[in-house]
Amino acid sequence: MTALTWTAAIVAIIPLVTILAHLLVNGLGQLTPSFFTQLPAPPGVRGGGVANAIIGSGILVAIAMTVAVPIGIGAGLYLAEHRHGRFARAVRLLADVLSGLPSIVLGIFAWELIVRPSGHFSAWAGGTALGLLVLPLVARATEEMVRLAPASLSEAALALGFSRWRTSLTVVLRTAMPGIVTAVLIAMSRAAGETAPLLFTAFGNPFWSVDPARPIAALPLQIYAYAQSPYDEWRAQAWAGALVLLILVALISAAAHAVIRARAKVLSAVTPRVGRVND
């Protein structure tokens, strides 16, 4: 059985290592300073970069997190505190259904909700689509983290005269915050790599644009456009863009793992104190 588990682990790792090696071979040579500081070059011209796409992806992710994090944390806290209510069960079911929707459906929804009435594509529409995409993830993760918080902490706060809402916000939510931050970081990595919702919302832009009310470039859109072009220079930059995107997601994942380790240390320090108080 040990040999079988090792074999399964190796088989699972092989595709990941193969993808990483392929990206390094095809994209590492394009990672020059100009790649990060210049605009896209015209078709058939060497050089150029994806600076506008990197900045645009940052703007889109910031808008998405602004939409998803407050609503998701509030909804998750409500679901944890009123887990047996009829409305809570309905919200939980809808969150699970929404998390299973294809991302392109949310892009079409944002197009109908924002792009069509305004008459043009925009970063607001793209960020909203990405926010709706990761909203269920933040809500459900917040619910699970709040439910994992020791009940003794909230009981102690209530015994000291704290109101229910104050206990939830200042005691329970603070205890669950490392796990919630981890979920937010994972949601950021997913939003940063999505392409389908942006095709109908942000649309892309080959020029500098930081106006959220206008079409904006994004790294996944740039990779998508370059990968299907007939120009060798653009295809090479698509590999480099994919490598940069992979590095960004890896950094976010590493930050999430660091938060998880910090949370484990906090819980290991809190649990003995709670046990002593109970004794």
# chains A, B, ... in the order shown; residues from 1 in each chain; ligands from 1
$ residues_around --residues "Val115 in chain A" --least-positions-apart "6" --cutoff "9 Å" --atoms "only C-alpha atoms" --output "list in words"
Phe121, Ser122, Ala125, Phe200 and Thr201 of chain A
$ select_by_dssp --residues "range 88-255 of chain A" --states "helix (DSSP H, G or I)" --output "ChimeraX atom specification"
/A:88-99,103-118,123-148,151-159,164-193,196-199,219-227,232-255
$ write_last_selection --atoms "C-alpha atoms" --output "CSV table (one decimal), in the first residue's frame"
chain,number,residue,atom,x,y,z
A,88,ALA,CA,-29.5,30.2,6.0
A,89,ARG,CA,-30.1,26.8,4.4
A,90,ALA,CA,-31.4,28.5,1.3
A,91,VAL,CA,-28.3,30.8,1.1
A,92,ARG,CA,-26.0,27.9,1.7
A,93,LEU,CA,-27.6,25.9,-1.2
A,94,LEU,CA,-27.5,28.9,-3.5
A,95,ALA,CA,-23.8,29.5,-2.7
A,96,ASP,CA,-23.0,25.9,-3.5
A,97,VAL,CA,-24.9,26.1,-6.8
A,98,LEU,CA,-23.2,29.4,-7.7
A,99,SER,CA,-19.8,27.9,-7.0
A,103,SER,CA,-17.2,31.0,-15.1
A,104,ILE,CA,-18.4,32.0,-18.6
A,105,VAL,CA,-22.0,32.0,-17.3
A,106,LEU,CA,-21.0,34.7,-14.8
A,107,GLY,CA,-19.3,36.6,-17.5
A,108,ILE,CA,-22.5,36.6,-19.6
A,109,PHE,CA,-24.5,37.7,-16.5
A,110,ALA,CA,-22.1,40.6,-15.9
A,111,TRP,CA,-22.3,41.5,-19.5
A,112,GLU,CA,-26.1,41.7,-19.3
A,113,LEU,CA,-26.0,43.5,-16.0
A,114,ILE,CA,-23.3,46.1,-16.6
A,115,VAL,CA,-21.9,46.1,-20.1
A,116,ARG,CA,-25.2,46.1,-22.1
A,117,PRO,CA,-26.8,49.0,-20.1
A,118,SER,CA,-23.6,51.1,-20.2
A,123,ALA,CA,-13.0,46.9,-15.7
A,124,TRP,CA,-16.0,47.4,-13.4
A,125,ALA,CA,-17.8,44.7,-15.3
A,126,GLY,CA,-14.8,42.4,-15.4
A,127,GLY,CA,-14.1,42.8,-11.7
A,128,THR,CA,-17.7,42.3,-10.8
A,129,ALA,CA,-17.8,39.0,-12.8
A,130,LEU,CA,-14.6,37.8,-11.0
A,131,GLY,CA,-16.1,38.9,-7.7
A,132,LEU,CA,-19.2,36.9,-8.2
A,133,LEU,CA,-17.1,33.9,-9.2
A,134,VAL,CA,-15.1,33.8,-5.9
A,135,LEU,CA,-17.9,35.1,-3.7
A,136,PRO,CA,-19.2,31.6,-2.8
A,137,LEU,CA,-15.7,30.4,-2.0
A,138,VAL,CA,-15.2,33.2,0.5
A,139,ALA,CA,-18.6,32.8,2.1
A,140,ARG,CA,-18.4,29.0,2.5
A,141,ALA,CA,-14.8,29.1,3.8
A,142,THR,CA,-15.8,31.9,6.3
A,143,GLU,CA,-18.6,29.7,7.5
A,144,GLU,CA,-16.4,26.7,8.1
A,145,MET,CA,-13.6,28.7,9.8
A,146,VAL,CA,-16.1,30.4,12.1
A,147,ARG,CA,-17.6,27.0,13.0
A,148,LEU,CA,-14.2,25.7,13.9
A,151,ALA,CA,-17.2,27.6,21.5
A,152,SER,CA,-15.6,28.5,24.8
A,153,LEU,CA,-14.4,31.8,23.5
A,154,SER,CA,-17.9,33.0,22.5
A,155,GLU,CA,-19.4,31.6,25.7
A,156,ALA,CA,-16.8,33.5,27.7
A,157,ALA,CA,-17.5,36.7,25.9
A,158,LEU,CA,-21.3,36.4,26.3
A,159,ALA,CA,-20.7,35.6,30.0
A,164,ARG,CA,-24.2,38.7,20.3
A,165,TRP,CA,-23.1,40.8,17.4
A,166,ARG,CA,-20.1,42.2,19.2
A,167,THR,CA,-19.0,38.6,20.2
A,168,SER,CA,-19.3,37.5,16.6
A,169,LEU,CA,-17.3,40.4,15.2
A,170,THR,CA,-14.6,41.0,17.9
A,171,VAL,CA,-14.1,37.4,19.2
A,172,VAL,CA,-15.3,34.7,16.8
A,173,LEU,CA,-14.4,36.5,13.6
A,174,ARG,CA,-10.9,37.5,14.9
A,175,THR,CA,-10.2,33.9,16.0
A,176,ALA,CA,-11.2,32.6,12.5
A,177,MET,CA,-9.4,35.4,10.6
A,178,PRO,CA,-6.2,33.4,9.6
A,179,GLY,CA,-8.4,30.8,7.9
A,180,ILE,CA,-10.5,33.5,6.3
A,181,VAL,CA,-7.3,35.3,5.0
A,182,THR,CA,-6.2,32.0,3.5
A,183,ALA,CA,-9.5,31.6,1.7
A,184,VAL,CA,-9.3,35.2,0.4
A,185,LEU,CA,-5.8,34.5,-1.0
A,186,ILE,CA,-7.0,31.3,-2.7
A,187,ALA,CA,-9.9,33.3,-4.2
A,188,MET,CA,-7.4,35.9,-5.4
A,189,SER,CA,-5.3,33.3,-7.2
A,190,ARG,CA,-8.5,31.9,-8.9
A,191,ALA,CA,-9.6,35.3,-9.9
A,192,ALA,CA,-6.2,36.2,-11.3
A,193,GLY,CA,-6.2,33.2,-13.7
A,196,ALA,CA,-13.7,33.4,-19.8
A,197,PRO,CA,-15.6,36.0,-17.8
A,198,LEU,CA,-13.3,38.8,-19.0
A,199,LEU,CA,-14.0,38.0,-22.7
A,219,LEU,CA,-2.8,38.9,-18.3
A,220,PRO,CA,-5.1,35.9,-19.1
A,221,LEU,CA,-6.7,37.8,-22.0
A,222,GLN,CA,-3.2,38.7,-23.3
A,223,ILE,CA,-2.1,35.0,-23.1
A,224,TYR,CA,-5.3,33.9,-24.9
A,225,ALA,CA,-4.9,36.4,-27.7
A,226,TYR,CA,-1.2,35.7,-28.2
A,227,ALA,CA,-1.5,32.0,-28.1
A,232,ASP,CA,6.0,33.6,-33.5
A,233,GLU,CA,6.9,36.6,-31.3
A,234,TRP,CA,3.4,36.8,-29.8
A,235,ARG,CA,3.3,33.0,-29.2
A,236,ALA,CA,6.6,33.2,-27.4
A,237,GLN,CA,5.3,36.0,-25.2
A,238,ALA,CA,2.2,33.9,-24.5
A,239,TRP,CA,4.4,31.3,-23.0
A,240,ALA,CA,6.2,33.9,-20.9
A,241,GLY,CA,2.9,35.4,-19.8
A,242,ALA,CA,1.7,32.0,-18.7
A,243,LEU,CA,4.9,31.5,-16.7
A,244,VAL,CA,4.5,34.9,-15.0
A,245,LEU,CA,0.9,34.0,-14.2
A,246,LEU,CA,2.0,30.7,-12.7
A,247,ILE,CA,4.6,32.5,-10.6
A,248,LEU,CA,2.0,34.9,-9.3
A,249,VAL,CA,-0.4,32.1,-8.4
A,250,ALA,CA,2.5,30.2,-6.7
A,251,LEU,CA,3.4,33.3,-4.6
A,252,ILE,CA,-0.2,33.7,-3.5
A,253,SER,CA,-0.5,30.0,-2.7
A,254,ALA,CA,2.8,30.3,-0.7
A,255,ALA,CA,1.3,33.2,1.2
$ residues_around --residues "Ala218 in chain A" --least-positions-apart "5" --cutoff "9 Å" --atoms "only C-alpha atoms" --output "list in words"
Val50, Asn52, Ala53, Ile54, Ile55, Gly56, Ser57, Gly58, Ile59, Leu60, Ala192, Thr195, Leu198, Ala202, Phe203, Gly204, Asn205 and Ile223 of chain A
$ write_last_selection --atoms "C-alpha atoms" --output "CSV table (one decimal), in the first residue's frame"
chain,number,residue,atom,x,y,z
A,50,VAL,CA,2.7,43.0,-21.1
A,52,ASN,CA,-0.5,47.0,-19.2
A,53,ALA,CA,-1.8,43.5,-18.8
A,54,ILE,CA,-0.1,43.0,-15.4
A,55,ILE,CA,-1.4,46.3,-14.1
A,56,GLY,CA,-4.9,45.5,-15.5
A,57,SER,CA,-5.0,42.1,-13.8
A,58,GLY,CA,-4.1,43.8,-10.5
A,59,ILE,CA,-7.0,46.3,-11.0
A,60,LEU,CA,-9.5,43.6,-11.9
A,192,ALA,CA,-6.2,36.2,-11.3
A,195,THR,CA,-10.2,34.2,-18.7
A,198,LEU,CA,-13.3,38.8,-19.0
A,202,ALA,CA,-13.1,43.7,-19.6
A,203,PHE,CA,-12.5,42.7,-23.3
A,204,GLY,CA,-8.9,43.7,-23.3
A,205,ASN,CA,-6.9,46.8,-24.3
A,223,ILE,CA,-2.1,35.0,-23.1
